[in-house]
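Student: Supplied in structure tokens, the structure appears directly below.
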Amino acid sequence: MDGGNSSEPVLLRIEHLHKRFGTTAALVDASLTVRRGERVVLIGSSGSGKSTLLRCINHLEVPDQGSIWLDGEFMGGRFAADGRWIQASSGELARQRRHIGMVFQSFNLFAHLSALDNVALGPQWILKRPKALARAQARQLLAKVHLAGHEHKLPAQLSGGQQQRVAIARALAMGPKLMLFDEPTSALDPRLTREVLEVMLELAREQTTMLVVTHELGFARQVADTVGFLEEGRIVEVGTPEQIFDRPQHPSTQAFLNCFSPGGL
Amino acid sequence: MGEILPRLLRALATTIQISVLALLLGTVFGLLLGIARVIGPRLFYPVIDGYIFVVRSTPFALQVYAAFFLLPRAGIDLPLFVVGVLALLFNSVGYQIEIVRPALESVDKEQREAADSLGMTRWLAMWLVILPQAARRMVPPLTNELANLVKASSVLSVIAVYELTRAGHAIIASSYKFAEVLILVAALYFVTIQLLSWGAAYLERRIFTYRSGQPI
């Protein structure tokens with residue numbers, strides 16, 4: 001995997017993001033940039049704010065402070081000519097979210113729709129593509145995630161790994177500029193995890209811009225251009241996989257990675 | 001007996017017409033207001049809540065009297081049948097909103113988030129994702145509501161709508177066959193409600209089972 005895409009323009013810029021849940025600081029002054037085609041993996045303990053960071057990007061959680069630009073556009077609102085902040089309407093926010101695909105830990109497929117309809121729904125109703133076209137494209141996407149022949153099945157009739165691959169196809173169907181993966185394999189056993197990671201690996205090879213939260217460090221090392229380590233809502237260290245995994249600088253990163261070393265227990 | 005049953009059956013037809021009309025119209029308004037109560041402008045919430053409060057905390061008989069006496073005073077003169085349907089409708093919508101709202105809210109938050117993340121507007125997510133999943137959960141309480149409506153429609157006898165209970169009264173008044181008529185009227189209500197319940201259960205199985213390969 002080539003990591004030399006630093007000449008690519010910045011696609012996502014996150015600056016000084018803060019988010020609190022009650023008295024808990026979920027994100028503290030988090031800043032991060034993702035370039036077009038870049039694969040960024042976020043690691044850290046549960047509760048370190050990785051998922052919150054991801055969910056703030058498409059405003060499933062509304063950040064308390066800080067700014068997020070996607071492709072030069074401010075997420076969640078805009079500044080008026082006189083400098084006033086104008087909150088995006090739900091319609092504007094919906095339009096902005098179309099550019100960001102999201103894959104959830106618990107898949108979240110639409111329970112009442114077949115795999116094919118799950119994938120075709122967005123293009124047909126949101127992008128207003130003709131139904132036949134949306135379904136043909138959905139078929140191709142399902143084939144791409146190795147699910148040809150499963151088009152008619154309901155989510156409940158699919159394994160977790162299959163459901164997650166449908167979810168990936170559903171997100172891809174919208175043609176997003178950025179794909180967010182929120183612990184996509186945490187609910188899966190090792191074999192199903194492998195199926196899903198293989199699909200993500202293929203996406204990475206196609207230069208899909210990806211921001212991935214995961215505990216799969218092997219995947220992170222293999223795929224990531226950049227790895228970020230979070231602790232207690234702060235991004236404490238960012239670097240290449242070699243820097244983070246082989247020469248971690250921050251004591252917290254070192255302690256976290258030690259838990260994964262073979263002699264750790 | 002020979003002439004009693006046909007008279008009661010004709011009145012039963014009125015009872016069923018009124019109840020089914022109130023249920024169907026009530027479902028339309030119940031859905032609209034229930035959805036508005038969940039994703040509509042917040043301005044509406046106190047209005048809808050106030051309406052539900054009024055319906056739930058006043059006796060149905062009083063609502064019927066109100067329709068009977070107040071509508072003409074407002075210059076609205078309607079046939080008794082229509083007044084009866086309107087009174088029943090006014091009452092039923094209050095309860096049906098409270099059937100729709102919890103059913104919508106019972107759909108997993110994750111389904112809504114998935115719809116949001118794709119870029120659906122609130123209304124599109126409601127139409128494509130939330131409502132289809134919530135609809136199944138509305139059928140059992142709606143069946144219950146239909147049974148309630150059939151029974152509540154007997155109150156319309158106080159404003160002389162010629163439904164089953166009113167017909168029973170009239171026959172007793174002219175024939176003094178209390179026991180026979182009361183038992184017959186009760187049996188007709190019982191059979192009607194059972195048949196409607198079975199029909200609804202059948203409908204639930206037929207329509208609201210997720211089938212794979214179903215087109216959008």
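Identifiers in this document derive from the order of the structure tokens: chains are assigned A, B, ..., residues are numbered from 1 separately in each chain, and ligands are numbered from 1 in order of occurrence.
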Within 8 Å of Gly77 of chain A, counting only C-alpha atoms, which residues qualify if same-chain residues fewer than 6 places away don't, as a PyMOL selection string?
Tutor: chain A and resi 85-89+93
Student: List the neighbours of Gln163 of chain A out to 10 Å using only C-alpha atoms; skip same-chain residues closer than 5 positions along the sequence, and give me the result as a VMD selection string.
Tutor: chain A and resid 106 to 109 115 147 154 to 158 168 to 169 196
Student: Have a look at atom CA of Leu88 of chain B and atom CA of Pro140 of chain B and let me know their distance in Å, one decimal.
Tutor: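 According to the coordinates, atom CA of Leu88 of chain B and atom CA of Pro140 of chain B are separated by 19.7 Å.
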Student: Which is closest to Val238 of chain A among A:Val166, A:Ala132, A:Leu32, A:Ala171, if we use only C-alpha atoms?
Tutor: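 The answer is A:Leu32, which sits nearest to Val238 of chain A.
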Student: What lies within 6 Å of segment 197-207 of chain A using only C-alpha atoms, ignoring chain neighbours under 2 positions off, as a list in words?
Tutor: Gly37, Arg194 and Glu195 of chain A
Student: Output the selection as a compact mmCIF listing (two decimals), in the first residue's frame - N, CA, C and O atoms for each residue.
Tutor:
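Now in result_24.txt:
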# COMPACT_ATOMS: atom_id res chain seq x y z
N GLY A 37 -8.15 9.95 -0.86
CA GLY A 37 -7.51 8.66 -1.09
C GLY A 37 -6.76 8.12 0.12
O GLY A 37 -6.25 7.00 0.09
N ARG A 194 -12.90 -11.58 9.03
CA ARG A 194 -12.01 -11.70 7.87
C ARG A 194 -12.73 -11.34 6.57
O ARG A 194 -12.20 -10.58 5.75
N GLU A 195 -13.98 -11.87 6.42
CA GLU A 195 -14.77 -11.54 5.22
C GLU A 195 -14.90 -10.04 5.04
O GLU A 195 -14.77 -9.50 3.95
Student: Please list as a list of chain:residue names every residue within 12 Å of Ser106 of chain B, counting only C-alpha atoms and excluding residues in the same chain fewer than 3 positions away.
Tutor: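 Residues meeting the cut-off are B:Val38, B:Ile99, B:Val100, B:Arg101, B:Pro102, B:Ala103, B:Lys109, B:Glu110, B:Gln111, B:Arg112, B:Ile130, B:Leu131, B:Gln133, B:Ala134, B:Ala135, B:Arg136, B:Arg137, B:Met138.
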Student: Report the closest atom pair, with its distance in Å rounded to one decimal, for each residue of chain A that has an atom no farther than 6 Å from chain B; count only C-alpha atoms, sort by chain and then rising residue number, and write it as a tab-separated table.
Tutor:
residue	atom	partner	partner_atom	distance
A:Gly91	CA	B:Thr121	CA	5.7
A:Ala94	CA	B:Gly119	CA	4.2
A:Arg95	CA	B:Gly119	CA	5.8
A:Arg97	CA	B:Gly119	CA	4.8
A:Arg98	CA	B:Gly119	CA	4.6
A:Asn108	CA	B:Glu110	CA	5.8
A:His112	CA	B:Tyr210	CA	5.8
A:Ser114	CA	B:Ser212	CA	5.7
A:His152	CA	B:Gly213	CA	4.2
A:Lys153	CA	B:Ser212	CA	5.3
A:Leu154	CA	B:Ser212	CA	5.5
Student: Quote the spacing between atom CA of Phe53 of chain B and atom CA of Thr14 of chain B in Å to one decimal place.
Tutor: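 So the answer is 29.1 Å.
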Student: Please identify all polymer residues within 9 Å of Leu149 of chain B, counting only C-alpha atoms, omitting same-chain residues fewer than 3 positions from it, and present them as a ChimeraX atom specification.
Tutor: /B:18-20,22-23,88,92,144-146,152-154
Student: Limited to C-alpha atoms, could you put the picked residues into a file as a short mmCIF file (atom, residue, chain, number, x, y, z; two decimals), in the first residue's frame?
Tutor:
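result38.cif, written as the output of this step:
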data_model
loop_
_atom_site.label_atom_id
_atom_site.label_comp_id
_atom_site.auth_asym_id
_atom_site.auth_seq_id
_atom_site.Cartn_x
_atom_site.Cartn_y
_atom_site.Cartn_z
CA ILE B 18 -70.13 3.89 11.92
CA SER B 19 -67.36 1.98 13.70
CA VAL B 20 -65.42 1.06 10.59
CA ALA B 22 -64.52 6.07 12.45
CA LEU B 23 -61.63 3.59 12.54
CA LEU B 88 -66.68 8.72 17.45
CA SER B 92 -60.87 7.65 18.40
CA ASN B 144 -58.40 -3.35 20.08
CA GLU B 145 -59.48 0.15 19.16
CA LEU B 146 -61.94 -1.21 16.60
CA ALA B 152 -68.60 2.85 22.20
CA SER B 153 -70.93 3.40 19.25
CA SER B 154 -73.75 2.17 21.54
#
Student: DSSP on the backbone: which residues in segment 59-206 of chain A end up as alpha helix (DSSP H)? Give the answer as a ChimeraX atom specification.
Tutor: /A:90-97,115-125,131-144,160-172,190-205
Student: Write out, as CSV, each residue of segment 142-213 of chain A that has an atom at most 10 Å from segment 49-62 of chain A, together with the closest pair of atoms and their distance in Å to one decimal, counting only C-alpha atoms, rows going by chain and rising number.
Tutor:
residue,atom,partner,partner_atom,distance
A:Leu180,CA,A:Leu54,CA,6.8
A:Phe181,CA,A:Leu54,CA,8.1
A:Asp182,CA,A:Ser51,CA,6.1
A:Glu183,CA,A:Ser51,CA,7.9
A:Leu211,CA,A:Leu54,CA,8.0
A:Val212,CA,A:Leu54,CA,8.5
A:Val213,CA,A:Lys50,CA,6.3
Student: Write out as an MDAnalysis selection string each polymer residue whose atoms come within 6 Å of Ala134 of chain A, counting only C-alpha atoms; drop sequence neighbours fewer than 2 positions from it.
Tutor: chainID A and resid 120 123:124 129 131:132 136:137
Student: Mind writing the picked residues with all heavy atoms as an mmCIF file, in the first residue's frame?
Tutor:
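File produced: out13.cif:
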data_model
loop_
_atom_site.group_PDB
_atom_site.id
_atom_site.type_symbol
_atom_site.label_atom_id
_atom_site.label_comp_id
_atom_site.auth_asym_id
_atom_site.auth_seq_id
_atom_site.Cartn_x
_atom_site.Cartn_y
_atom_site.Cartn_z
ATOM 1 N N ALA A 120 -30.375 -0.347 -2.830
ATOM 2 C CA ALA A 120 -30.960 0.485 -3.894
ATOM 3 C C ALA A 120 -31.766 1.661 -3.346
ATOM 4 O O ALA A 120 -32.018 2.633 -4.055
ATOM 5 C CB ALA A 120 -31.853 -0.378 -4.798
ATOM 6 N N PRO A 123 -30.007 5.413 -3.527
ATOM 7 C CA PRO A 123 -29.922 5.959 -4.886
ATOM 8 C C PRO A 123 -31.288 6.252 -5.495
ATOM 9 O O PRO A 123 -31.471 7.265 -6.164
ATOM 10 C CB PRO A 123 -29.192 4.853 -5.662
ATOM 11 C CG PRO A 123 -28.360 4.179 -4.628
ATOM 12 C CD PRO A 123 -29.165 4.223 -3.359
ATOM 13 N N GLN A 124 -32.260 5.370 -5.247
ATOM 14 C CA GLN A 124 -33.567 5.576 -5.861
ATOM 15 C C GLN A 124 -34.299 6.780 -5.260
ATOM 16 O O GLN A 124 -34.833 7.614 -5.986
ATOM 17 C CB GLN A 124 -34.436 4.328 -5.703
ATOM 18 C CG GLN A 124 -35.714 4.426 -6.531
ATOM 19 C CD GLN A 124 -36.746 3.373 -6.148
ATOM 20 O OE1 GLN A 124 -36.406 2.316 -5.630
ATOM 21 N NE2 GLN A 124 -37.994 3.670 -6.405
ATOM 22 N N ARG A 129 -32.483 8.298 -8.765
ATOM 23 C CA ARG A 129 -32.157 7.518 -9.965
ATOM 24 C C ARG A 129 -33.366 6.657 -10.316
ATOM 25 O O ARG A 129 -34.115 6.242 -9.439
ATOM 26 C CB ARG A 129 -30.958 6.611 -9.697
ATOM 27 C CG ARG A 129 -29.694 7.408 -9.497
ATOM 28 C CD ARG A 129 -28.445 6.573 -9.730
ATOM 29 N NE ARG A 129 -27.295 7.404 -9.434
ATOM 30 C CZ ARG A 129 -26.301 7.070 -8.612
ATOM 31 N NH1 ARG A 129 -26.283 5.885 -8.046
ATOM 32 N NH2 ARG A 129 -25.325 7.905 -8.377
ATOM 33 N N LYS A 131 -35.578 3.560 -10.887
ATOM 34 C CA LYS A 131 -35.567 2.367 -10.057
ATOM 35 C C LYS A 131 -34.736 1.233 -10.672
ATOM 36 O O LYS A 131 -33.942 0.590 -9.991
ATOM 37 C CB LYS A 131 -37.010 1.912 -9.844
ATOM 38 C CG LYS A 131 -37.165 0.743 -8.926
ATOM 39 C CD LYS A 131 -38.643 0.529 -8.624
ATOM 40 C CE LYS A 131 -38.836 -0.794 -7.895
ATOM 41 N NZ LYS A 131 -40.248 -1.006 -7.547
ATOM 42 N N ALA A 132 -34.916 1.018 -11.974
ATOM 43 C CA ALA A 132 -34.217 -0.086 -12.632
ATOM 44 C C ALA A 132 -32.706 0.123 -12.564
ATOM 45 O O ALA A 132 -31.941 -0.810 -12.307
ATOM 46 C CB ALA A 132 -34.672 -0.207 -14.083
ATOM 47 N N ALA A 136 -29.996 -2.158 -10.631
ATOM 48 C CA ALA A 136 -28.891 -2.770 -11.376
ATOM 49 C C ALA A 136 -27.557 -2.431 -10.703
ATOM 50 O O ALA A 136 -26.685 -3.289 -10.537
ATOM 51 C CB ALA A 136 -28.906 -2.274 -12.824
ATOM 52 N N GLN A 137 -27.425 -1.174 -10.298
ATOM 53 C CA GLN A 137 -26.190 -0.771 -9.617
ATOM 54 C C GLN A 137 -26.051 -1.474 -8.272
ATOM 55 O O GLN A 137 -24.952 -1.860 -7.865
ATOM 56 C CB GLN A 137 -26.169 0.748 -9.429
ATOM 57 C CG GLN A 137 -25.928 1.487 -10.743
ATOM 58 C CD GLN A 137 -26.158 2.977 -10.634
ATOM 59 O OE1 GLN A 137 -26.919 3.440 -9.784
ATOM 60 N NE2 GLN A 137 -25.509 3.735 -11.495
#
Student: I want to know what sits within 12 Å of Pro79 of chain B, based on only C-alpha atoms, with residues of the same chain fewer than 2 positions away left out; could you give that as a PyMOL selection string?
Tutor: chain B and resi 67-68+71-72+76-77+81-86+159-162
Student: At what distance in Å, to one decimal, does atom CA of Leu42 of chain A lie from atom CA of His215 of chain A?
Tutor: 8.7 Å
